[in-house]
>>> print(open('target-v9.pdb').read())   # PDB, C-alpha atoms, pLDDT in the B column
ATOM      1  CA  MET A   1     111.074  27.582 105.265  1.00 44.00           C
ATOM      2  CA  PRO A   2     108.233  30.023 106.049  1.00 53.00           C
ATOM      3  CA  ALA A   3     107.207  30.370 109.686  1.00 57.00           C
ATOM      4  CA  ARG A   4     103.695  28.942 109.833  1.00 55.00           C
ATOM      5  CA  ILE A   5     101.689  30.360 112.706  1.00 48.00           C
ATOM      6  CA  ASP A   6      99.364  27.346 112.820  1.00 47.00           C
ATOM      7  CA  LEU A   7     102.272  24.969 113.424  1.00 42.00           C
ATOM      8  CA  ILE A   8     104.023  27.256 115.899  1.00 43.00           C
ATOM      9  CA  GLN A   9     100.912  28.014 117.953  1.00 48.00           C
ATOM     10  CA  GLY A  10      99.310  24.597 117.498  1.00 46.00           C
ATOM     11  CA  LEU A  11      96.039  26.084 116.174  1.00 50.00           C
ATOM     12  CA  ASP A  12      94.280  25.449 112.886  1.00 60.00           C
ATOM     13  CA  LYS A  13      93.002  28.260 110.653  1.00 65.00           C
ATOM     14  CA  GLY A  14      89.535  28.184 112.189  1.00 63.00           C
ATOM     15  CA  GLU A  15      90.916  28.435 115.709  1.00 71.00           C
ATOM     16  CA  LEU A  16      93.223  31.284 114.691  1.00 72.00           C
ATOM     17  CA  GLY A  17      90.228  33.108 113.234  1.00 70.00           C
ATOM     18  CA  GLU A  18      88.241  32.605 116.429  1.00 78.00           C
ATOM     19  CA  LYS A  19      91.148  33.951 118.474  1.00 80.00           C
ATOM     20  CA  LEU A  20      91.394  37.075 116.321  1.00 78.00           C
ATOM     21  CA  TRP A  21      87.627  37.559 116.417  1.00 80.00           C
ATOM     22  CA  ALA A  22      87.647  37.436 120.214  1.00 82.00           C
ATOM     23  CA  ALA A  23      90.267  40.190 120.217  1.00 81.00           C
ATOM     24  CA  LEU A  24      88.246  42.271 117.740  1.00 82.00           C
ATOM     25  CA  THR A  25      85.097  42.089 119.856  1.00 81.00           C
ATOM     26  CA  SER A  26      86.977  43.401 122.884  1.00 80.00           C
ATOM     27  CA  LEU A  27      88.778  46.273 121.145  1.00 76.00           C
ATOM     28  CA  GLU A  28      89.204  49.350 123.309  1.00 71.00           C
ATOM     29  CA  PRO A  29      89.341  52.827 121.724  1.00 67.00           C
ATOM     30  CA  GLN A  30      92.989  53.649 121.115  1.00 61.00           C
ATOM     31  CA  GLN A  31      93.949  57.173 122.101  1.00 52.00           C
ATOM     32  CA  VAL A  32      97.171  57.048 120.118  1.00 52.00           C
ATOM     33  CA  SER A  33      98.804  59.281 117.571  1.00 51.00           C
ATOM     34  CA  SER A  34      99.005  58.036 114.022  1.00 56.00           C
ATOM     35  CA  THR A  35     101.880  55.622 113.487  1.00 57.00           C
ATOM     36  CA  CYS A  36     102.555  57.414 110.181  1.00 70.00           C
ATOM     37  CA  GLU A  37     103.410  60.811 111.632  1.00 66.00           C
ATOM     38  CA  PHE A  38     107.163  60.183 111.764  1.00 69.00           C
ATOM     39  CA  PRO A  39     108.339  57.710 109.100  1.00 70.00           C
ATOM     40  CA  GLU A  40     111.405  55.678 109.962  1.00 71.00           C
ATOM     41  CA  VAL A  41     112.540  55.406 106.339  1.00 78.00           C
ATOM     42  CA  ALA A  42     113.987  57.972 103.963  1.00 87.00           C
ATOM     43  CA  LEU A  43     111.285  59.639 101.887  1.00 92.00           C
ATOM     44  CA  ILE A  44     111.537  60.013  98.118  1.00 93.00           C
ATOM     45  CA  PRO A  45     110.247  62.820  95.855  1.00 94.00           C
ATOM     46  CA  TYR A  46     106.727  62.239  94.537  1.00 94.00           C
ATOM     47  CA  ARG A  47     105.281  65.451  93.124  1.00 92.00           C
ATOM     48  CA  GLY A  48     106.424  68.990  93.909  1.00 93.00           C
ATOM     49  CA  SER A  49     106.540  69.337  97.685  1.00 94.00           C
ATOM     50  CA  ILE A  50     104.951  65.908  98.154  1.00 95.00           C
ATOM     51  CA  TYR A  51     107.116  62.954  99.185  1.00 95.00           C
ATOM     52  CA  SER A  52     106.348  59.298  99.766  1.00 94.00           C
ATOM     53  CA  THR A  53     107.780  56.317 101.546  1.00 93.00           C
ATOM     54  CA  PRO A  54     109.662  54.001  99.141  1.00 91.00           C
ATOM     55  CA  PRO A  55     107.052  52.162  97.050  1.00 85.00           C
ATOM     56  CA  GLU A  56     106.583  48.455  97.532  1.00 90.00           C
ATOM     57  CA  GLU A  57     104.019  46.513  95.521  1.00 90.00           C
ATOM     58  CA  LEU A  58     102.678  43.252  96.933  1.00 88.00           C
ATOM     59  CA  HIS A  59     100.420  42.495  93.948  1.00 83.00           C
ATOM     60  CA  PRO A  60      99.498  44.738  90.987  1.00 82.00           C
ATOM     61  CA  GLY A  61      97.572  47.663  92.463  1.00 84.00           C
ATOM     62  CA  LEU A  62      98.379  46.863  96.102  1.00 89.00           C
ATOM     63  CA  ARG A  63     101.042  49.244  97.352  1.00 92.00           C
ATOM     64  CA  SER A  64     102.541  50.335 100.656  1.00 91.00           C
ATOM     65  CA  GLU A  65     103.250  54.041 100.125  1.00 91.00           C
ATOM     66  CA  ARG A  66     102.360  56.782 102.580  1.00 92.00           C
ATOM     67  CA  PHE A  67     102.423  60.416 101.511  1.00 94.00           C
ATOM     68  CA  TYR A  68     103.906  63.503 103.168  1.00 94.00           C
ATOM     69  CA  ARG A  69     104.217  67.221 102.436  1.00 94.00           C
ATOM     70  CA  ARG A  70     107.548  68.927 102.933  1.00 93.00           C
ATOM     71  CA  GLU A  71     107.472  72.242 104.775  1.00 91.00           C
ATOM     72  CA  GLY A  72     111.016  73.593 104.946  1.00 89.00           C
ATOM     73  CA  ALA A  73     113.067  70.957 106.757  1.00 86.00           C
ATOM     74  CA  ASN A  74     109.976  69.227 108.162  1.00 89.00           C
ATOM     75  CA  TYR A  75     107.572  66.651 106.765  1.00 90.00           C
ATOM     76  CA  GLU A  76     103.895  66.471 107.634  1.00 91.00           C
ATOM     77  CA  LEU A  77     101.485  63.671 106.872  1.00 91.00           C
ATOM     78  CA  LEU A  78      99.517  64.618 103.755  1.00 93.00           C
ATOM     79  CA  ARG A  79      95.919  65.654 104.403  1.00 90.00           C
ATOM     80  CA  ASP A  80      94.788  67.337 101.183  1.00 91.00           C
ATOM     81  CA  ASP A  81      91.467  66.802  99.381  1.00 88.00           C
ATOM     82  CA  GLN A  82      93.030  68.132  96.169  1.00 90.00           C
ATOM     83  CA  LEU A  83      95.249  65.029  96.000  1.00 92.00           C
ATOM     84  CA  PHE A  84      92.357  62.631  96.313  1.00 91.00           C
ATOM     85  CA  TRP A  85      93.968  59.181  95.926  1.00 91.00           C
ATOM     86  CA  GLU A  86      97.037  60.016  97.976  1.00 93.00           C
ATOM     87  CA  ASN A  87      94.826  61.583 100.654  1.00 92.00           C
ATOM     88  CA  LEU A  88      92.545  58.535 100.622  1.00 92.00           C
ATOM     89  CA  THR A  89      95.535  56.220 101.030  1.00 93.00           C
ATOM     90  CA  ASN A  90      96.617  58.142 104.109  1.00 92.00           C
ATOM     91  CA  PHE A  91      93.024  58.287 105.374  1.00 90.00           C
ATOM     92  CA  ILE A  92      93.062  54.484 105.604  1.00 90.00           C
ATOM     93  CA  ALA A  93      96.700  53.791 106.471  1.00 90.00           C
ATOM     94  CA  CYS A  94      97.117  56.634 108.934  1.00 87.00           C
ATOM     95  CA  PRO A  95      93.705  57.421 110.450  1.00 82.00           C
ATOM     96  CA  ALA A  96      93.681  60.001 113.192  1.00 77.00           C
ATOM     97  CA  PRO A  97      92.459  58.761 116.604  1.00 71.00           C
ATOM     98  CA  ASP A  98      89.308  60.888 116.237  1.00 73.00           C
ATOM     99  CA  ASN A  99      88.582  59.650 112.693  1.00 74.00           C
ATOM    100  CA  PRO A 100      84.751  59.322 112.567  1.00 74.00           C
ATOM    101  CA  PHE A 101      84.725  56.529 109.955  1.00 81.00           C
ATOM    102  CA  ALA A 102      83.191  53.332 111.348  1.00 80.00           C
ATOM    103  CA  ILE A 103      82.934  49.878 109.812  1.00 82.00           C
ATOM    104  CA  SER A 104      80.555  46.996 110.211  1.00 85.00           C
ATOM    105  CA  ILE A 105      82.804  43.956 109.836  1.00 83.00           C
ATOM    106  CA  VAL A 106      81.890  40.543 108.533  1.00 83.00           C
ATOM    107  CA  GLN A 107      84.642  38.030 109.256  1.00 77.00           C
ATOM    108  CA  ALA A 108      84.681  35.072 106.891  1.00 74.00           C
ATOM    109  CA  MET A 109      85.110  31.866 108.877  1.00 65.00           C
ATOM    110  CA  TYR A 110      85.108  28.235 107.806  1.00 63.00           C
ATOM    111  CA  GLY A 111      81.624  27.793 106.328  1.00 63.00           C
ATOM    112  CA  SER A 112      80.161  30.761 108.206  1.00 68.00           C
ATOM    113  CA  PHE A 113      80.379  34.487 108.834  1.00 76.00           C
ATOM    114  CA  LYS A 114      80.460  36.576 111.999  1.00 77.00           C
ATOM    115  CA  GLU A 115      79.362  40.212 112.175  1.00 83.00           C
ATOM    116  CA  LEU A 116      80.487  43.117 114.320  1.00 81.00           C
ATOM    117  CA  ASP A 117      79.036  46.622 113.988  1.00 84.00           C
ATOM    118  CA  GLY A 118      80.490  50.058 114.589  1.00 81.00           C
ATOM    119  CA  VAL A 119      84.245  49.395 114.704  1.00 83.00           C
ATOM    120  CA  GLY A 120      86.237  52.616 114.425  1.00 83.00           C
ATOM    121  CA  LEU A 121      88.652  52.716 111.494  1.00 85.00           C
ATOM    122  CA  SER A 122      91.531  54.043 113.605  1.00 83.00           C
ATOM    123  CA  ASP A 123      91.056  51.283 116.194  1.00 84.00           C
ATOM    124  CA  LEU A 124      90.815  48.578 113.534  1.00 86.00           C
ATOM    125  CA  ILE A 125      93.894  49.719 111.604  1.00 87.00           C
ATOM    126  CA  TYR A 126      95.903  50.108 114.791  1.00 85.00           C
ATOM    127  CA  PHE A 127      94.931  46.585 115.847  1.00 85.00           C
ATOM    128  CA  LEU A 128      95.500  44.815 112.520  1.00 86.00           C
ATOM    129  CA  SER A 129      98.675  46.653 111.507  1.00 86.00           C
ATOM    130  CA  ARG A 130     100.757  45.754 114.551  1.00 83.00           C
ATOM    131  CA  ASP A 131     103.612  43.515 113.349  1.00 84.00           C
ATOM    132  CA  HIS A 132     102.223  43.712 109.804  1.00 87.00           C
ATOM    133  CA  THR A 133     103.073  45.642 106.636  1.00 90.00           C
ATOM    134  CA  MET A 134      99.999  47.273 105.125  1.00 93.00           C
ATOM    135  CA  TYR A 135      99.250  47.415 101.379  1.00 94.00           C
ATOM    136  CA  ILE A 136      96.303  49.339  99.955  1.00 94.00           C
ATOM    137  CA  GLY A 137      94.542  49.162  96.598  1.00 91.00           C
ATOM    138  CA  PHE A 138      91.417  50.778  95.155  1.00 90.00           C
ATOM    139  CA  ASP A 139      88.832  49.840  92.565  1.00 87.00           C
ATOM    140  CA  ARG A 140      85.223  50.745  91.816  1.00 82.00           C
ATOM    141  CA  ASN A 141      82.219  48.581  92.549  1.00 75.00           C
ATOM    142  CA  ASP A 142      79.236  48.127  90.243  1.00 74.00           C
ATOM    143  CA  GLU A 143      77.646  51.384  91.447  1.00 77.00           C
ATOM    144  CA  GLY A 144      80.791  53.405  90.745  1.00 78.00           C
ATOM    145  CA  TYR A 145      81.726  53.847  94.388  1.00 84.00           C
ATOM    146  CA  VAL A 146      85.348  53.471  95.422  1.00 88.00           C
ATOM    147  CA  ARG A 147      86.162  50.240  97.246  1.00 87.00           C
ATOM    148  CA  ALA A 148      89.382  49.696  99.189  1.00 91.00           C
ATOM    149  CA  THR A 149      91.321  46.479  99.661  1.00 92.00           C
ATOM    150  CA  VAL A 150      93.808  46.456 102.536  1.00 94.00           C
ATOM    151  CA  ILE A 151      96.310  43.635 102.961  1.00 94.00           C
ATOM    152  CA  PHE A 152      98.112  43.118 106.258  1.00 93.00           C
ATOM    153  CA  LYS A 153     101.222  40.986 105.716  1.00 91.00           C
ATOM    154  CA  HIS A 154     102.808  39.655 108.877  1.00 86.00           C
ATOM    155  CA  THR A 155     106.470  40.523 109.217  1.00 81.00           C
ATOM    156  CA  TYR A 156     107.409  37.044 110.490  1.00 79.00           C
ATOM    157  CA  TYR A 157     104.618  34.507 110.096  1.00 77.00           C
ATOM    158  CA  ALA A 158     103.683  33.357 106.595  1.00 74.00           C
ATOM    159  CA  TYR A 159     100.144  34.693 106.406  1.00 81.00           C
ATOM    160  CA  GLN A 160      98.150  37.769 105.398  1.00 87.00           C
ATOM    161  CA  HIS A 161      94.819  39.313 106.375  1.00 88.00           C
ATOM    162  CA  MET A 162      92.637  40.893 103.687  1.00 90.00           C
ATOM    163  CA  LEU A 163      90.121  43.621 104.539  1.00 92.00           C
ATOM    164  CA  ILE A 164      87.721  44.767 101.794  1.00 90.00           C
ATOM    165  CA  ILE A 165      85.920  48.036 102.601  1.00 89.00           C
ATOM    166  CA  ASP A 166      82.864  48.121 100.349  1.00 85.00           C
ATOM    167  CA  THR A 167      82.519  51.905 100.117  1.00 81.00           C
ATOM    168  CA  ILE A 168      85.250  54.349 101.099  1.00 84.00           C
ATOM    169  CA  ALA A 169      84.353  57.181  98.688  1.00 85.00           C
ATOM    170  CA  ASP A 170      81.502  58.051  96.355  1.00 81.00           C
ATOM    171  CA  GLU A 171      81.437  58.662  92.613  1.00 77.00           C
ATOM    172  CA  ARG A 172      82.196  62.374  93.183  1.00 79.00           C
ATOM    173  CA  ARG A 173      85.474  61.523  94.941  1.00 79.00           C
ATOM    174  CA  GLN A 174      84.139  62.421  98.372  1.00 81.00           C
ATOM    175  CA  ILE A 175      85.216  60.271 101.300  1.00 81.00           C
ATOM    176  CA  VAL A 176      82.145  58.631 102.780  1.00 77.00           C
ATOM    177  CA  LEU A 177      82.138  59.280 106.505  1.00 65.00           C
ATOM    178  CA  GLU A 178      79.040  57.350 107.475  1.00 66.00           C
ATOM    179  CA  ALA A 179      79.339  53.703 108.422  1.00 61.00           C
ATOM    180  CA  SER A 180      80.474  51.305 105.736  1.00 78.00           C
ATOM    181  CA  SER A 181      80.535  47.533 105.604  1.00 85.00           C
ATOM    182  CA  ALA A 182      83.672  45.459 105.217  1.00 87.00           C
ATOM    183  CA  THR A 183      84.669  41.827 104.893  1.00 87.00           C
ATOM    184  CA  LEU A 184      87.713  40.472 106.705  1.00 86.00           C
ATOM    185  CA  TYR A 185      89.518  37.328 105.562  1.00 86.00           C
ATOM    186  CA  THR A 186      92.185  36.187 108.007  1.00 82.00           C
ATOM    187  CA  HIS A 187      95.344  34.069 107.979  1.00 78.00           C
ATOM    188  CA  LEU A 188      95.474  33.609 104.216  1.00 81.00           C
ATOM    189  CA  ARG A 189      98.379  32.247 102.211  1.00 77.00           C
ATOM    190  CA  SER A 190      99.867  34.723  99.741  1.00 73.00           C
ATOM    191  CA  ASP A 191      98.652  32.766  96.714  1.00 70.00           C
ATOM    192  CA  ASN A 192      95.103  32.819  98.099  1.00 70.00           C
ATOM    193  CA  VAL A 193      95.294  36.598  98.532  1.00 70.00           C
ATOM    194  CA  ARG A 194      96.534  37.029  94.965  1.00 70.00           C
ATOM    195  CA  SER A 195      93.695  34.888  93.624  1.00 71.00           C
ATOM    196  CA  MET A 196      90.945  36.511  95.714  1.00 71.00           C
ATOM    197  CA  TYR A 197      92.119  40.064  94.998  1.00 68.00           C
ATOM    198  CA  GLY A 198      92.325  39.255  91.292  1.00 64.00           C
ATOM    199  CA  GLN A 199      88.728  38.038  91.307  1.00 59.00           C
ATOM    200  CA  TYR A 200      87.488  41.330  92.760  1.00 52.00           C
ATOM    201  CA  ILE A 201      89.460  43.390  90.264  1.00 49.00           C
ATOM    202  CA  ASP A 202      88.544  41.236  87.273  1.00 47.00           C
ATOM    203  CA  HIS A 203      84.879  41.602  88.199  1.00 43.00           C
ATOM    204  CA  THR A 204      84.962  45.393  87.860  1.00 42.00           C
ATOM    205  CA  GLY A 205      87.940  45.800  85.537  1.00 40.00           C
ATOM    206  CA  ASP A 206      88.621  49.190  87.083  1.00 46.00           C
ATOM    207  CA  ARG A 207      91.746  49.117  89.224  1.00 47.00           C
ATOM    208  CA  ILE A 208      92.800  52.553  90.452  1.00 50.00           C
ATOM    209  CA  LYS A 209      96.486  53.319  90.030  1.00 47.00           C
ATOM    210  CA  VAL A 210      98.002  55.329  92.851  1.00 46.00           C
ATOM    211  CA  GLY A 211     101.626  55.962  93.690  1.00 44.00           C
ATOM    212  CA  VAL A 212     105.054  56.622  92.277  1.00 39.00           C
ATOM    213  CA  ASN A 213     105.526  55.781  88.588  1.00 37.00           C
ATOM    214  CA  ARG A 214     101.824  54.966  88.127  1.00 37.00           C
TER     215      ARG A 214
END
>>> encode(input="target-v9.pdb", output="structure tokens")
Amino acid sequence: MPARIDLIQGLDKGELGEKLWAALTSLEPQQVSSTCEFPEVALIPYRGSIYSTPPEELHPGLRSERFYRREGANYELLRDDQLFWENLTNFIACPAPDNPFAISIVQAMYGSFKELDGVGLSDLIYFLSRDHTMYIGFDRNDEGYVRATVIFKHTYYAYQHMLIIDTIADERRQIVLEASSATLYTHLRSDNVRSMYGQYIDHTGDRIKVGVNR
């Protein structure tokens, strides 16, 4: 039987959302190294000297890979504009502490929304990814800009967060470094995530395929 956080903590979904929002509003800048620098799993060949973590797909187009470049016996986190989608995946999943990308977050609550401006991407990812597996997918919005969907699946409790970053790159495949807006849906059941993600993709019909065997 799945471990339901609402039953274990004695809080309903609205109260859980309020608790997470309180933590978000008090985030302190995290002077930490990227958690992706030293993978704890065996890497697999991807393309030439590029390797990836073993691919895991949560839903079609939402994958968990991180990408690395092999230099002799060592592996370094991939930072290469020539490999745009792989680089963009790492940009989100493994942001450096000094990453300048900032997000204005709208958290969807029961019947209302709350807004928070200027949250650093590295701080947000560090906060949301603790005790969660992260899956990333890309599609294009109506203006042709690249939008990112990030799912945070808890490793024990039966829920997922979904973060939709409205603009992560422009139509020329350039990462947009100025502030972007994002919507955060928290403590969702997996079937709700599948349905909501499908609605976004079906609206544009332009899922971006990134990763091994894609």
>>> atom_distance(input="target-v9.pdb", atom1="atom CA of Leu16 of chain A", atom2="atom CA of Gln160 of chain A")
12.4 Å
>>> closest_residue(input="target-v9.pdb", among="A:Arg70, A:Arg63, A:Arg189, A:Arg172", to="Val150 of chain A", atoms="all atoms listed in the file")
A:Arg63
>>> resolve_selection(input="target-v9.pdb", expression="the PyMOL selection byres ((chain A and resi 170) around 10)", output="short mmCIF file (atom, residue, chain, number, x, y, z; two decimals) with C-alpha atoms, in the frame of the given file")
data_model
loop_
_atom_site.label_atom_id
_atom_site.label_comp_id
_atom_site.auth_asym_id
_atom_site.auth_seq_id
_atom_site.Cartn_x
_atom_site.Cartn_y
_atom_site.Cartn_z
CA ARG A 140 85.22 50.74 91.82
CA GLU A 143 77.65 51.38 91.45
CA GLY A 144 80.79 53.40 90.74
CA TYR A 145 81.73 53.85 94.39
CA VAL A 146 85.35 53.47 95.42
CA ARG A 147 86.16 50.24 97.25
CA THR A 167 82.52 51.90 100.12
CA ILE A 168 85.25 54.35 101.10
CA ALA A 169 84.35 57.18 98.69
CA GLU A 171 81.44 58.66 92.61
CA ARG A 172 82.20 62.37 93.18
CA ARG A 173 85.47 61.52 94.94
CA GLN A 174 84.14 62.42 98.37
CA ILE A 175 85.22 60.27 101.30
CA VAL A 176 82.14 58.63 102.78
#
>>> closest_residue(input="target-v9.pdb", among="A:Ser190, A:Tyr135, A:Gly17, A:Thr183", to="Leu116 of chain A", atoms="only C-alpha atoms")
A:Thr183
>>> closest_residue(input="target-v9.pdb", among="A:Leu78, A:Met134, A:Ile103, A:Val119", to="Ile165 of chain A", atoms="all atoms listed in the file")
A:Ile103
>>> resolve_selection(input="target-v9.pdb", expression="the PyMOL selection byres ((chain A and resi 64) around 12)", output="ChimeraX atom specification")
/A:36,52-63,65-67,86,89-90,92-94,132-137,149-153,210-212
>>> residues_around(input="target-v9.pdb", residues="segment 122-126 of chain A", least_positions_apart="2", cutoff="7 Å", atoms="only C-alpha atoms", output="list in words")
Pro29, Gln30, Pro95, Ala96, Pro97, Asn99, Val119, Gly120, Leu128, Ser129 and Arg130 of chain A
>>> write_last_selection(input="target-v9.pdb", atoms="C-alpha atoms", output="mmCIF file, keeping the file's coordinate frame")
data_model
loop_
_atom_site.group_PDB
_atom_site.id
_atom_site.type_symbol
_atom_site.label_atom_id
_atom_site.label_comp_id
_atom_site.auth_asym_id
_atom_site.auth_seq_id
_atom_site.Cartn_x
_atom_site.Cartn_y
_atom_site.Cartn_z
ATOM 1 C CA PRO A 29 89.341 52.827 121.724
ATOM 2 C CA GLN A 30 92.989 53.649 121.115
ATOM 3 C CA PRO A 95 93.705 57.421 110.450
ATOM 4 C CA ALA A 96 93.681 60.001 113.192
ATOM 5 C CA PRO A 97 92.459 58.761 116.604
ATOM 6 C CA ASN A 99 88.582 59.650 112.693
ATOM 7 C CA VAL A 119 84.245 49.395 114.704
ATOM 8 C CA GLY A 120 86.237 52.616 114.425
ATOM 9 C CA LEU A 128 95.500 44.815 112.520
ATOM 10 C CA SER A 129 98.675 46.653 111.507
ATOM 11 C CA ARG A 130 100.757 45.754 114.551
#
>>> atom_distance(input="target-v9.pdb", atom1="atom CA of Gln82 of chain A", atom2="atom CA of Ser104 of chain A")
28.3 Å
>>> resolve_selection(input="target-v9.pdb", expression="the PyMOL selection byres ((chain A and resi 115) around 8)", output="list of chain:residue names")
A:Ser104, A:Ile105, A:Val106, A:Gln107, A:Phe113, A:Lys114, A:Leu116, A:Asp117
>>> write_last_selection(input="target-v9.pdb", atoms="C-alpha atoms", output="PDB file, in the coordinates of the input")
ATOM      1  CA  SER A 104      80.555  46.996 110.211  1.00 85.00           C
ATOM      2  CA  ILE A 105      82.804  43.956 109.836  1.00 83.00           C
ATOM      3  CA  VAL A 106      81.890  40.543 108.533  1.00 83.00           C
ATOM      4  CA  GLN A 107      84.642  38.030 109.256  1.00 77.00           C
ATOM      5  CA  PHE A 113      80.379  34.487 108.834  1.00 76.00           C
ATOM      6  CA  LYS A 114      80.460  36.576 111.999  1.00 77.00           C
ATOM      7  CA  LEU A 116      80.487  43.117 114.320  1.00 81.00           C
ATOM      8  CA  ASP A 117      79.036  46.622 113.988  1.00 84.00           C
TER       9      ASP A 117
END
>>> decode(input="target-v9.pdb", residues="segment 91-105 of chain A", atoms="N, CA and C atoms", output="JSON list (two decimals), in the first residue's frame")
[["chain", "number", "residue", "atom", "x", "y", "z"],
["A", 91, "PHE", "N", 21.36, 21.86, -17.22],
["A", 91, "PHE", "CA", 21.19, 23.23, -16.74],
["A", 91, "PHE", "C", 20.09, 23.28, -15.67],
["A", 92, "ILE", "N", 19.03, 22.49, -15.89],
["A", 92, "ILE", "CA", 17.92, 22.45, -14.93],
["A", 92, "ILE", "C", 18.22, 21.50, -13.78],
["A", 93, "ALA", "N", 18.64, 20.28, -14.11],
["A", 93, "ALA", "CA", 18.80, 19.24, -13.08],
["A", 93, "ALA", "C", 20.00, 19.49, -12.19],
["A", 94, "CYS", "N", 21.01, 20.12, -12.74],
["A", 94, "CYS", "CA", 22.28, 20.28, -12.02],
["A", 94, "CYS", "C", 22.77, 21.73, -12.07],
["A", 95, "PRO", "N", 21.95, 22.68, -11.66],
["A", 95, "PRO", "CA", 22.37, 24.09, -11.76],
["A", 95, "PRO", "C", 23.52, 24.38, -10.80],
["A", 96, "ALA", "N", 24.48, 25.14, -11.29],
["A", 96, "ALA", "CA", 25.58, 25.56, -10.43],
["A", 96, "ALA", "C", 25.06, 26.55, -9.39],
["A", 97, "PRO", "N", 25.71, 26.63, -8.22],
["A", 97, "PRO", "CA", 25.25, 27.54, -7.17],
["A", 97, "PRO", "C", 25.14, 28.99, -7.63],
["A", 98, "ASP", "N", 25.99, 29.39, -8.59],
["A", 98, "ASP", "CA", 25.96, 30.78, -9.07],
["A", 98, "ASP", "C", 25.14, 30.93, -10.34],
["A", 99, "ASN", "N", 24.29, 29.93, -10.66],
["A", 99, "ASN", "CA", 23.43, 30.01, -11.83],
["A", 99, "ASN", "C", 22.55, 31.27, -11.72],
["A", 100, "PRO", "N", 22.57, 32.16, -12.74],
["A", 100, "PRO", "CA", 21.84, 33.42, -12.63],
["A", 100, "PRO", "C", 20.35, 33.31, -12.92],
["A", 101, "PHE", "N", 19.88, 32.14, -13.37],
["A", 101, "PHE", "CA", 18.48, 31.99, -13.76],
["A", 101, "PHE", "C", 17.58, 32.11, -12.53],
["A", 102, "ALA", "N", 16.58, 32.97, -12.62],
["A", 102, "ALA", "CA", 15.63, 33.17, -11.52],
["A", 102, "ALA", "C", 14.22, 32.94, -12.01],
["A", 103, "ILE", "N", 13.35, 32.53, -11.12],
["A", 103, "ILE", "CA", 11.98, 32.16, -11.47],
["A", 103, "ILE", "C", 11.00, 32.91, -10.58],
["A", 104, "SER", "N", 9.94, 33.38, -11.18],
["A", 104, "SER", "CA", 8.80, 33.86, -10.42],
["A", 104, "SER", "C", 7.78, 32.73, -10.35],
["A", 105, "ILE", "N", 7.54, 32.23, -9.16],
["A", 105, "ILE", "CA", 6.73, 31.02, -8.99],
["A", 105, "ILE", "C", 5.29, 31.38, -8.65]]
